[in-house]
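Here is the file entry.cif (mmCIF, C-alpha atoms).
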data_model
#
loop_
_atom_site.label_atom_id
_atom_site.label_comp_id
_atom_site.auth_asym_id
_atom_site.auth_seq_id
_atom_site.Cartn_x
_atom_site.Cartn_y
_atom_site.Cartn_z
CA MET X 44 -30.42 39.29 5.58
CA GLU X 45 -28.77 39.41 2.18
CA THR X 46 -25.97 37.00 1.32
CA LEU X 47 -22.36 37.99 1.67
CA GLU X 48 -21.98 38.13 -2.14
CA GLN X 49 -24.90 40.58 -2.39
CA LEU X 50 -23.46 42.60 0.47
CA LYS X 51 -20.07 42.70 -1.24
CA ALA X 52 -21.63 43.91 -4.50
CA ARG X 53 -23.59 46.59 -2.68
CA LEU X 54 -20.50 47.74 -0.81
CA GLU X 55 -18.52 47.98 -4.03
CA THR X 56 -21.14 50.21 -5.63
CA ALA X 57 -21.44 52.38 -2.50
CA ILE X 58 -17.69 52.76 -1.98
CA PRO X 59 -16.20 52.61 -5.48
CA ASN X 60 -12.50 52.23 -4.65
CA ALA X 61 -13.04 49.53 -2.01
CA LYS X 62 -11.16 46.29 -2.55
CA ILE X 63 -13.19 43.60 -0.83
CA GLU X 64 -12.57 39.88 -0.87
CA ILE X 65 -14.71 37.09 0.52
CA VAL X 66 -12.75 34.72 2.75
CA PRO X 67 -14.54 31.36 2.72
CA ASN X 68 -14.81 29.25 5.82
CA PRO X 69 -15.13 25.55 4.93
CA SER X 70 -15.52 24.44 8.54
CA PRO X 71 -18.94 23.26 9.87
CA VAL X 72 -19.83 26.75 11.17
CA ASN X 73 -19.56 28.07 7.59
CA GLN X 74 -19.11 31.71 8.50
CA PRO X 75 -17.38 33.39 5.56
CA SER X 76 -16.02 36.85 6.14
CA LEU X 77 -15.15 40.02 4.26
CA LEU X 78 -11.51 40.93 3.89
CA LEU X 79 -11.24 44.71 3.71
CA ASP X 80 -8.43 46.88 2.45
CA THR X 81 -7.07 49.27 5.04
CA GLU X 82 -7.74 52.46 3.02
CA SER X 83 -11.50 52.05 2.71
CA ALA X 84 -12.16 50.03 5.87
CA ARG X 85 -13.42 53.01 7.87
CA ALA X 86 -15.85 54.03 5.09
CA ILE X 87 -17.10 50.46 4.77
CA ALA X 88 -17.60 50.27 8.54
CA HIS X 89 -19.65 53.46 8.51
CA PHE X 90 -21.74 52.11 5.65
CA LEU X 91 -22.39 48.81 7.47
CA ARG X 92 -23.48 50.67 10.58
CA ASP X 93 -25.69 53.26 8.92
CA ASP X 94 -27.24 51.34 6.03
CA PRO X 95 -30.99 50.97 6.78
CA GLN X 96 -31.06 47.35 5.56
CA LEU X 97 -28.09 46.31 7.72
CA ARG X 98 -27.86 48.59 10.76
CA LEU X 99 -24.96 46.61 12.20
CA ASP X 100 -24.95 48.68 15.35
CA TYR X 101 -23.01 46.37 17.62
CA CYS X 102 -19.45 45.08 17.38
CA SER X 103 -19.43 42.13 19.74
CA ASN X 104 -15.89 40.92 19.34
CA VAL X 105 -12.49 41.98 18.05
CA THR X 106 -9.70 39.49 17.99
CA GLY X 107 -6.33 39.00 16.39
CA VAL X 108 -4.76 36.22 14.39
CA ASP X 109 -1.04 35.75 13.85
CA TRP X 110 -0.39 34.16 10.46
CA LEU X 111 3.22 33.28 11.03
CA LYS X 112 3.88 31.47 7.73
CA ALA X 113 1.94 33.93 5.58
CA GLY X 114 3.74 36.75 7.36
CA TYR X 115 1.00 39.10 8.44
CA LEU X 116 -1.27 39.84 11.38
CA GLU X 117 -5.03 39.92 11.07
CA ALA X 118 -7.79 41.63 13.05
CA VAL X 119 -11.25 40.05 13.01
CA TYR X 120 -14.46 41.94 13.85
CA HIS X 121 -17.83 40.32 14.56
CA LEU X 122 -20.77 42.62 13.90
CA TYR X 123 -24.40 42.18 14.87
CA SER X 124 -27.53 44.24 14.53
CA VAL X 125 -29.40 44.62 17.78
CA ALA X 126 -32.08 46.70 16.04
CA LEU X 127 -32.80 44.21 13.24
CA LYS X 128 -31.70 41.09 15.14
CA HIS X 129 -29.33 39.66 12.58
CA GLY X 130 -25.68 38.87 12.26
CA PRO X 131 -22.89 38.15 12.50
CA VAL X 132 -21.11 39.91 9.67
CA ILE X 133 -17.42 39.21 10.01
CA LEU X 134 -14.75 41.65 8.86
CA ARG X 135 -11.05 40.98 8.53
CA MET X 136 -8.13 43.32 7.97
CA ARG X 137 -4.54 42.31 7.37
CA THR X 138 -1.31 44.16 8.12
CA GLY X 139 1.52 44.49 5.63
CA ASN X 140 3.89 42.32 7.60
CA ARG X 141 4.62 41.28 11.19
CA ALA X 142 7.48 43.66 11.93
CA ASP X 143 7.13 47.33 10.96
CA ARG X 144 4.00 47.59 8.81
CA VAL X 145 1.60 46.56 11.56
CA TYR X 146 -0.84 49.46 11.12
CA LEU X 147 -4.59 49.06 10.69
CA PRO X 148 -7.33 51.69 10.86
CA SER X 149 -9.15 51.66 14.17
CA LEU X 150 -12.88 51.04 14.05
CA THR X 151 -13.41 52.48 17.53
CA PRO X 152 -14.76 55.75 16.04
CA VAL X 153 -17.48 53.63 14.39
CA TRP X 154 -18.26 51.17 17.18
CA ARG X 155 -17.39 52.33 20.67
CA SER X 156 -17.26 48.74 21.93
CA CYS X 157 -14.09 48.15 19.92
CA GLU X 158 -12.06 50.36 22.24
CA PHE X 159 -10.95 47.86 24.87
CA GLN X 160 -10.82 44.98 22.43
CA GLU X 161 -8.55 46.82 20.02
CA ARG X 162 -6.36 47.67 22.99
CA GLU X 163 -6.26 43.98 23.82
CA VAL X 164 -5.31 43.07 20.25
CA TYR X 165 -2.62 45.74 20.39
CA ASP X 166 -1.38 44.39 23.71
CA LEU X 167 -1.24 40.73 22.73
CA TYR X 168 -0.55 40.84 18.96
CA GLY X 169 1.10 44.20 18.44
CA ILE X 170 -1.30 45.53 15.79
CA VAL X 171 -1.25 49.34 15.95
CA PHE X 172 -4.74 50.77 15.37
CA GLN X 173 -4.50 54.20 13.83
CA GLY X 174 -7.19 56.59 15.02
CA HIS X 175 -7.75 54.76 18.29
CA PRO X 176 -8.41 57.34 21.04
CA ASP X 177 -6.32 55.66 23.75
CA LEU X 178 -4.08 52.90 22.47
CA ARG X 179 -2.27 51.53 25.51
CA ARG X 180 -1.59 48.06 26.82
CA ILE X 181 -4.58 46.75 28.73
CA LEU X 182 -3.61 43.36 30.23
CA MET X 183 0.17 43.45 30.43
CA TRP X 184 2.00 46.24 32.24
CA ASP X 185 3.12 49.33 30.33
CA GLU X 186 6.84 48.47 30.51
CA PHE X 187 6.28 45.14 28.77
CA VAL X 188 7.73 45.01 25.25
CA ASP X 189 6.67 41.60 23.85
CA TYR X 190 3.41 40.49 22.25
CA PRO X 191 2.50 37.26 24.05
CA MET X 192 -0.09 35.85 21.64
CA ARG X 193 2.24 35.97 18.66
CA LYS X 194 3.32 32.52 17.64
CA ASP X 195 7.01 33.33 17.88
CA TYR X 196 6.70 34.79 21.40
CA VAL X 197 9.38 33.48 23.75
CA GLU X 198 8.14 33.53 27.32
CA PRO X 199 10.49 34.39 30.20
CA ASP X 200 12.63 31.49 31.26
CA ASP X 201 11.18 31.07 34.75
CA TYR X 202 10.87 27.30 34.82
CA GLU X 203 10.81 25.79 38.26
CA TYR X 204 10.61 22.25 39.49
CA ASP X 205 7.51 20.46 38.25
CA PRO X 206 6.61 17.09 39.80
CA THR X 207 5.04 15.74 36.61
CA PRO X 208 6.59 17.56 33.65
CA HIS X 209 5.11 16.85 30.24
CA ASP X 210 5.05 18.41 26.76
CA ASP X 211 6.58 21.90 26.87
CA ALA X 212 7.29 21.65 30.58
CA LEU X 213 9.26 18.45 29.96
CA GLU X 214 11.39 20.22 27.37
CA LYS X 215 12.07 22.99 29.84
CA ALA X 216 12.86 20.47 32.59
CA ARG X 217 15.43 18.81 30.30
CA LYS X 218 16.95 22.18 29.48
CA HIS X 219 17.23 23.25 33.10
CA TYR X 220 18.44 19.90 34.40
CA PRO X 221 20.29 18.50 31.39
CA GLN X 222 21.62 15.17 32.64
CA ALA X 223 18.67 14.31 34.83
CA PRO X 224 17.18 10.93 33.95
CA ALA X 225 13.53 10.30 34.76
CA PRO X 226 12.18 10.01 37.39
CA LEU X 227 13.30 13.17 39.12
CA GLN X 228 13.29 13.17 42.88
CA THR X 229 13.35 16.06 45.29
CA GLU X 230 15.50 16.21 48.34
CA ALA X 231 12.44 15.84 50.54
CA ALA X 232 11.32 12.66 48.81
CA GLN X 233 14.49 10.81 49.65
CA MET P 194 7.71 29.73 85.08
CA ILE P 195 5.14 28.58 87.56
CA ASP P 196 4.60 24.85 87.89
CA ALA P 197 1.61 23.61 85.88
CA SER P 198 0.06 21.53 88.68
CA LEU P 199 0.43 24.42 91.11
CA ARG P 200 -1.29 26.63 88.60
CA GLN P 201 -4.18 24.22 88.31
CA GLU P 202 -4.46 24.01 92.07
CA MET P 203 -4.47 27.80 92.38
CA ALA P 204 -7.09 28.10 89.65
CA ARG P 205 -9.26 25.68 91.60
CA GLN P 206 -8.95 28.00 94.59
CA GLY P 207 -9.96 30.99 92.48
CA VAL P 208 -6.50 32.45 91.90
CA VAL P 209 -5.68 32.95 88.22
CA THR P 210 -2.06 33.23 87.24
CA THR P 211 -0.70 34.02 83.83
CA THR P 212 2.39 35.36 82.13
CA VAL P 213 2.82 38.44 80.03
CA GLN P 214 3.60 36.19 77.06
CA GLU P 215 0.41 34.19 77.43
CA LEU P 216 -1.71 37.29 77.86
CA TYR P 217 -0.02 39.04 74.96
CA ASN P 218 -0.36 36.07 72.60
CA TRP P 219 -3.93 35.40 73.76
CA GLY P 220 -4.84 38.93 72.86
CA ARG P 221 -3.08 38.82 69.50
CA LYS P 222 -4.43 35.50 68.34
CA ASN P 223 -8.05 36.35 69.08
CA SER P 224 -8.17 39.57 67.12
CA VAL P 225 -6.51 38.79 63.83
CA TRP P 226 -8.08 41.32 61.50
CA PRO P 227 -7.75 40.46 57.83
CA LEU P 228 -7.13 42.91 55.05
CA GLN P 229 -10.18 43.21 52.86
CA PHE P 230 -9.05 42.33 49.38
CA GLY P 231 -9.48 39.45 47.00
CA LEU P 232 -7.81 38.56 43.73
CA ALA P 233 -10.00 35.87 42.16
CA CYS P 234 -12.59 33.18 42.88
CA CYS P 235 -10.95 32.23 46.23
CA ALA P 236 -12.14 35.63 47.47
CA ILE P 237 -15.73 34.43 47.08
CA GLU P 238 -14.98 31.58 49.50
CA MET P 239 -13.29 34.07 51.81
CA ILE P 240 -16.46 36.18 51.75
CA ALA P 241 -18.53 33.06 52.42
CA ALA P 242 -16.33 32.31 55.44
CA SER P 243 -17.11 35.74 56.82
CA MET P 244 -20.88 35.33 56.49
CA ALA P 245 -23.29 33.81 58.99
CA ARG P 246 -23.11 30.21 57.81
CA PHE P 247 -19.38 29.83 58.49
CA ASP P 248 -18.95 32.90 60.68
CA ILE P 249 -15.28 33.72 60.92
CA ALA P 250 -16.28 36.05 63.80
CA ARG P 251 -16.13 33.00 66.07
CA PHE P 252 -12.35 33.25 65.77
CA GLY P 253 -12.15 37.00 66.25
CA ALA P 254 -11.27 37.65 62.62
CA GLU P 255 -14.49 39.13 61.31
CA VAL P 256 -13.31 42.72 61.08
CA PHE P 257 -12.17 42.92 57.47
CA ARG P 258 -10.26 46.18 57.29
CA PRO P 259 -10.39 48.30 54.15
CA SER P 260 -6.96 49.77 54.91
CA PRO P 261 -3.64 47.90 55.26
CA ARG P 262 -2.76 50.22 58.16
CA GLN P 263 -5.42 48.57 60.34
CA ALA P 264 -4.95 44.96 59.26
CA ASP P 265 -3.01 42.11 60.88
CA LEU P 266 -3.56 39.39 58.34
CA MET P 267 -3.25 39.29 54.58
CA ILE P 268 -5.31 36.56 52.97
CA VAL P 269 -3.90 36.20 49.46
CA ALA P 270 -7.11 34.84 47.97
CA GLY P 271 -6.64 34.08 44.30
CA THR P 272 -4.37 34.19 41.29
CA VAL P 273 -1.49 36.62 41.67
CA THR P 274 -0.67 37.89 38.19
CA LYS P 275 2.72 39.38 37.55
CA LYS P 276 1.05 42.73 36.99
CA MET P 277 -0.61 42.52 40.43
CA ALA P 278 2.35 41.14 42.41
CA PRO P 279 4.08 44.51 43.08
CA GLN P 280 0.82 45.89 44.46
CA VAL P 281 0.35 42.88 46.75
CA VAL P 282 3.87 43.24 48.13
CA ARG P 283 3.33 46.97 48.58
CA LEU P 284 0.11 46.37 50.51
CA TYR P 285 1.96 43.93 52.75
CA ASN P 286 4.71 46.48 53.34
CA GLN P 287 2.08 49.01 54.36
CA MET P 288 0.64 46.74 57.05
CA PRO P 289 1.95 47.36 60.57
CA GLU P 290 3.67 44.58 62.51
CA PRO P 291 2.76 42.04 63.77
CA LYS P 292 1.41 40.78 60.46
CA TYR P 293 0.71 37.39 58.98
CA ILE P 294 -0.06 35.90 55.59
CA ILE P 295 -2.36 33.08 54.58
CA ALA P 296 -1.86 31.96 50.96
CA MET P 297 -5.27 30.70 49.99
CA GLY P 298 -5.78 28.31 47.11
CA ALA P 299 -3.72 26.60 44.43
CA CYS P 300 -2.93 29.84 42.56
CA ALA P 301 -1.63 31.76 45.54
CA ILE P 302 0.61 28.90 46.66
CA SER P 303 1.92 27.71 43.29
CA GLY P 304 0.26 29.42 40.32
CA GLY P 305 -2.30 26.61 40.18
CA PRO P 306 -3.67 25.82 36.72
CA PHE P 307 -1.94 28.94 35.36
CA ARG P 308 1.52 27.86 36.52
CA ALA P 309 2.82 27.33 33.01
CA GLY P 310 1.62 30.76 31.88
CA TYR P 311 3.87 33.71 31.17
CA ASN P 312 1.84 36.19 33.21
CA VAL P 313 1.10 34.45 36.52
CA LEU P 314 3.32 34.36 39.56
CA LYS P 315 4.22 30.80 40.56
CA GLY P 316 3.27 31.41 44.20
CA ILE P 317 3.27 34.49 46.41
CA ASP P 318 6.00 33.02 48.64
CA ARG P 319 8.48 34.15 46.00
CA TYR P 320 8.08 37.66 47.44
CA LEU P 321 6.40 37.36 50.85
CA PRO P 322 6.87 35.21 53.96
CA VAL P 323 3.75 33.05 53.99
CA ASP P 324 2.65 31.65 57.37
CA VAL P 325 -0.05 29.20 56.31
CA HIS P 326 -0.70 27.65 52.88
CA ILE P 327 -4.17 26.31 52.04
CA PRO P 328 -4.45 23.97 49.05
CA GLY P 329 -7.68 23.74 47.09
CA CYS P 330 -9.25 25.23 44.00
CA PRO P 331 -10.90 27.08 45.62
CA PRO P 332 -10.59 25.89 49.24
CA ARG P 333 -13.84 25.64 51.14
CA PRO P 334 -14.56 28.15 53.90
CA GLU P 335 -13.86 25.40 56.44
CA ALA P 336 -10.32 25.20 55.04
CA LEU P 337 -9.87 28.92 55.60
CA LEU P 338 -11.11 28.54 59.18
CA GLU P 339 -8.68 25.64 59.62
CA ALA P 340 -5.88 27.87 58.35
CA LEU P 341 -6.91 30.62 60.75
CA MET P 342 -6.84 28.14 63.63
CA ALA P 343 -3.39 26.95 62.52
CA LEU P 344 -2.26 30.58 62.49
CA GLN P 345 -3.71 31.11 65.97
CA LYS P 346 -1.78 28.10 67.24
CA LYS P 347 1.35 29.52 65.63
CA ILE P 348 0.82 32.91 67.28
CA ASP P 349 0.09 31.27 70.62
CA ALA P 350 3.34 29.31 70.50
CA GLN P 351 5.55 32.31 69.73
CA PRO P 352 7.96 33.16 72.57
CA LEU P 353 8.43 36.89 73.10
CA THR P 354 12.16 36.62 73.75
CA GLY P 355 14.99 34.55 72.36
CA PRO P 356 15.91 33.69 68.79
CA ASP P 357 12.40 32.46 67.87
CA ARG P 358 10.67 35.69 68.84
CA PRO P 359 8.30 37.24 66.32
CA ARG P 360 9.64 39.59 63.70
CA HIS P 361 8.21 42.76 65.23
CA LEU P 362 10.19 42.19 68.44
CA ASP P 363 13.43 41.67 66.54
CA ALA P 364 15.09 44.96 65.64
CA ASN P 365 17.26 43.30 63.00
CA ALA P 366 14.41 41.55 61.19
CA PRO P 367 13.39 43.03 57.85
CA GLY P 368 10.49 45.45 58.11
CA GLU P 369 9.91 45.80 54.40
CA TYR P 370 10.05 43.33 51.58
CA LEU P 371 11.38 43.90 48.12
CA VAL P 372 8.78 45.25 45.70
CA PRO P 373 9.47 43.76 42.26
CA GLU P 374 9.67 46.06 39.26
CA CYS P 375 7.71 45.47 36.07
CA GLY P 376 10.44 44.68 33.60
CA GLU P 377 10.46 44.40 29.82
CA HIS P 378 9.82 40.66 29.80
CA ASP P 379 9.18 39.62 33.39
CA LEU P 380 9.20 40.90 36.96
CA VAL P 381 12.63 42.08 38.09
CA PRO P 382 13.81 40.23 40.10
CA SER P 383 11.69 37.16 39.45
CA SER P 384 11.80 36.21 43.14
CA ASN P 385 13.13 37.55 46.44
CA SER P 386 16.22 35.41 46.83
CA GLN P 387 16.46 36.12 50.57
CA LEU P 388 13.05 34.58 51.09
CA TRP P 389 12.83 31.87 48.51
CA GLN P 390 15.05 29.63 46.43
CA PRO P 391 13.89 27.23 43.74
CA PRO P 392 13.82 23.64 45.01
CA VAL P 393 17.09 21.77 44.60
CA LEU P 394 16.75 18.58 42.62
CA VAL P 395 18.76 15.57 43.72
CA ARG P 396 18.85 12.71 41.29
CA GLY P 397 17.61 9.39 42.58
CA GLU P 398 19.70 6.30 41.82
#

Whole structure, structure tokens version:
Amino acid sequence: METLEQLKARLETAIPNAKIEIVPNPSPVNQPSLLLDTESARAIAHFLRDDPQLRLDYCSNVTGVDWLKAGYLEAVYHLYSVALKHGPVILRMRTGNRADRVYLPSLTPVWRSCEFQEREVYDLYGIVFQGHPDLRRILMWDEFVDYPMRKDYVEPDDYEYDPTPHDDALEKARKHYPQAPAPLQTEAAQ
Amino acid sequence: MIDASLRQEMARQGVVTTTVQELYNWGRKNSVWPLQFGLACCAIEMIAASMARFDIARFGAEVFRPSPRQADLMIVAGTVTKKMAPQVVRLYNQMPEPKYIIAMGACAISGGPFRAGYNVLKGIDRYLPVDVHIPGCPPRPEALLEALMALQKKIDAQPLTGPDRPRHLDANAPGEYLVPECGEHDLVPSSNSQLWQPPVLVRGE
């Protein structure tokens, strides 16, 4: 398969107004990815699927990333070619911010396997995929309003007694039982 | 009540005596039909318990019913997520009395490894009156059989009259349990306060 730089150049000639950026990955896996702009993402996806050299016919994974400090949400797509047995090609798209401009184009019309996974990203990160045929929550119930995988998610305060609290649970134990010195003892233990 | 030694003597002579209570409880405890549903990996152990190697039929509990209307026993086998909890309570409400619950495995009794999560119930006894808890992750089929035997002993010991009589013979006992609503952040209410209260901590000196 061609390198990501070659692929980027070919994409830019095929889709002239596409703004594509290569996101390097300095970790040992060394899987750099293509950062797409939201306007041309759908056209790029169609090109990647239909190009005879690439034929990336299978989207194996869609996930979300919450970049809290940078202030945007990101969707990551892993593409493979079952026909030509190569991959992955990794796509990224970023939202405008984390509050109201959380829209990204859905790639479900291109790869059917994105459907449930985009719903999951919507459910847990709150990215709204425009053009998705059935964008509903998939894991949490419909009445739920939060996005649990966001880094600033505050979970419901349902702390109960924990015999060996540590880390976050220890913080909660201190909050719920402010003056309690360690060790805590239950009524039954006495 | 007939004297125990007299009863033995009569049995030796071929005269069997019994009481309505004994007969009633004997019948109930030997045909505890479980509701056929599982929530996670504990269900696989429950299925194993029903197969030939462990053979739950020896205890009269092999008839897994596909409908709550025909079931006597709910085996809560697995992780109860907050999304699933209202359905579990509703299934229990649909079962006719007398009915019993076995909470099977670490998740069903306490949330297990998912206890600290935002989406898992910290034990089904927050909404339902559990009769027998089985620890384990998952418990072996033998543990489920042990729990069934414990339940049979419990049924056998129930008096049919007086304050300790079973719920279905007490007109004032609750017939239905509160089904929690799916709220915006959590289940509403987060537990049935008539059934369950968080443990009270007393500081040791």

Query raised in the report: Written as a PyMOL selection string, what is the full residue list that the PyMOL selection byres ((chain X and resi 121-127) around 7) yields on the file shown?
Result: chain X and resi 98-105+119-120+128-134

Query raised in the report: Quick one, how far is CA of Ala245 (chain P) from CA of Gln263 (chain P)?
Result: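 CA of Gln263 (chain P) lies 23.2 Å from CA of Ala245 (chain P).
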
Requested in this report: Apply the PyMOL selection byres ((chain P) within 10 of (chain X)) to the file shown and report the selected residues as a ChimeraX atom specification.
Outcome: /P:274-277,308-312,314-315,374-380,383-384,390-398

Would you save the residues of that selection, restricted to C-alpha atoms, as a compact mmCIF listing (two decimals), keeping the file's coordinate frame?
# COMPACT_ATOMS: atom_id res chain seq x y z
CA THR P 274 -0.67 37.89 38.19
CA LYS P 275 2.72 39.38 37.55
CA LYS P 276 1.05 42.73 36.99
CA MET P 277 -0.61 42.52 40.43
CA ARG P 308 1.52 27.86 36.52
CA ALA P 309 2.82 27.33 33.01
CA GLY P 310 1.62 30.76 31.88
CA TYR P 311 3.87 33.71 31.17
CA ASN P 312 1.84 36.19 33.21
CA LEU P 314 3.32 34.36 39.56
CA LYS P 315 4.22 30.80 40.56
CA GLU P 374 9.67 46.06 39.26
CA CYS P 375 7.71 45.47 36.07
CA GLY P 376 10.44 44.68 33.60
CA GLU P 377 10.46 44.40 29.82
CA HIS P 378 9.82 40.66 29.80
CA ASP P 379 9.18 39.62 33.39
CA LEU P 380 9.20 40.90 36.96
CA SER P 383 11.69 37.16 39.45
CA SER P 384 11.80 36.21 43.14
CA GLN P 390 15.05 29.63 46.43
CA PRO P 391 13.89 27.23 43.74
CA PRO P 392 13.82 23.64 45.01
CA VAL P 393 17.09 21.77 44.60
CA LEU P 394 16.75 18.58 42.62
CA VAL P 395 18.76 15.57 43.72
CA ARG P 396 18.85 12.71 41.29
CA GLY P 397 17.61 9.39 42.58
CA GLU P 398 19.70 6.30 41.82

Query - Straight-line distance linking CA of Ala250 (chain P) with CA of Pro334 (chain P), stated in Å to one decimal - result: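 Interatomic distance here is 12.8 Å.
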
Would you pick out the contacts of Lys222 (chain P) at 9 Å or less, using all atoms listed in the file, so that residues sharing its chain but fewer than 4 positions from it are not included, and give the list as a PDB file with C-alpha atoms, keeping the file's coordinate frame?
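Result file selection_8.pdb:
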ATOM      1  CA  TYR P 217      -0.020  39.040  74.960  1.00  0.00           C
ATOM      2  CA  ASN P 218      -0.360  36.070  72.600  1.00  0.00           C
ATOM      3  CA  PHE P 252     -12.350  33.250  65.770  1.00  0.00           C
ATOM      4  CA  GLY P 253     -12.150  37.000  66.250  1.00  0.00           C
ATOM      5  CA  LEU P 344      -2.260  30.580  62.490  1.00  0.00           C
ATOM      6  CA  GLN P 345      -3.710  31.110  65.970  1.00  0.00           C
ATOM      7  CA  LYS P 346      -1.780  28.100  67.240  1.00  0.00           C
ATOM      8  CA  LYS P 347       1.350  29.520  65.630  1.00  0.00           C
ATOM      9  CA  ILE P 348       0.820  32.910  67.280  1.00  0.00           C
ATOM     10  CA  ASP P 349       0.090  31.270  70.620  1.00  0.00           C
TER      11      ASP P 349
END

Report task. Give me, please, the distance in Å between CA of Ala233 (chain P) and CA of Arg179 (chain X), quoted to one decimal. Result -> 24.1 Å

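Using only C-alpha atoms, the shortest contact distance between Thr354 (chain P) and any of P:Arg205, P:Gln214, P:Asp324, P:Pro373 is found at P:Gln214.
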
Missing atoms of region 133-145 of chain X rebuilt to N, CA and C atoms, written as a PDB file, in the frame of the given file:
ATOM      1  N   ILE X 133     -18.795  39.291   9.518  1.00  0.00           N
ATOM      2  CA  ILE X 133     -17.420  39.210  10.010  1.00  0.00           C
ATOM      3  C   ILE X 133     -16.498  39.967   9.070  1.00  0.00           C
ATOM      4  N   LEU X 134     -15.714  40.867   9.634  1.00  0.00           N
ATOM      5  CA  LEU X 134     -14.750  41.650   8.860  1.00  0.00           C
ATOM      6  C   LEU X 134     -13.347  41.215   9.241  1.00  0.00           C
ATOM      7  N   ARG X 135     -12.464  41.237   8.252  1.00  0.00           N
ATOM      8  CA  ARG X 135     -11.050  40.980   8.530  1.00  0.00           C
ATOM      9  C   ARG X 135     -10.226  42.087   7.901  1.00  0.00           C
ATOM     10  N   MET X 136      -9.108  42.395   8.555  1.00  0.00           N
ATOM     11  CA  MET X 136      -8.130  43.320   7.970  1.00  0.00           C
ATOM     12  C   MET X 136      -6.758  42.723   8.210  1.00  0.00           C
ATOM     13  N   ARG X 137      -5.873  42.907   7.234  1.00  0.00           N
ATOM     14  CA  ARG X 137      -4.540  42.310   7.370  1.00  0.00           C
ATOM     15  C   ARG X 137      -3.469  43.395   7.326  1.00  0.00           C
ATOM     16  N   THR X 138      -2.424  43.210   8.121  1.00  0.00           N
ATOM     17  CA  THR X 138      -1.310  44.160   8.120  1.00  0.00           C
ATOM     18  C   THR X 138      -0.361  43.794   6.995  1.00  0.00           C
ATOM     19  N   GLY X 139       0.557  44.730   6.707  1.00  0.00           N
ATOM     20  CA  GLY X 139       1.520  44.490   5.630  1.00  0.00           C
ATOM     21  C   GLY X 139       2.479  43.379   5.967  1.00  0.00           C
ATOM     22  N   ASN X 140       3.017  43.412   7.177  1.00  0.00           N
ATOM     23  CA  ASN X 140       3.890  42.320   7.600  1.00  0.00           C
ATOM     24  C   ASN X 140       3.780  42.211   9.121  1.00  0.00           C
ATOM     25  N   ARG X 141       4.707  41.492   9.751  1.00  0.00           N
ATOM     26  CA  ARG X 141       4.620  41.280  11.190  1.00  0.00           C
ATOM     27  C   ARG X 141       5.619  42.138  11.949  1.00  0.00           C
ATOM     28  N   ALA X 142       6.393  42.947  11.253  1.00  0.00           N
ATOM     29  CA  ALA X 142       7.480  43.660  11.930  1.00  0.00           C
ATOM     30  C   ALA X 142       7.211  45.168  12.021  1.00  0.00           C
ATOM     31  N   ASP X 143       7.237  45.874  10.889  1.00  0.00           N
ATOM     32  CA  ASP X 143       7.130  47.330  10.960  1.00  0.00           C
ATOM     33  C   ASP X 143       5.848  47.851  10.322  1.00  0.00           C
ATOM     34  N   ARG X 144       5.249  47.109   9.405  1.00  0.00           N
ATOM     35  CA  ARG X 144       4.000  47.590   8.810  1.00  0.00           C
ATOM     36  C   ARG X 144       2.822  46.907   9.485  1.00  0.00           C
ATOM     37  N   VAL X 145       2.627  47.235  10.757  1.00  0.00           N
ATOM     38  CA  VAL X 145       1.600  46.560  11.560  1.00  0.00           C
ATOM     39  C   VAL X 145       0.429  47.508  11.823  1.00  0.00           C
TER      40      VAL X 145
END
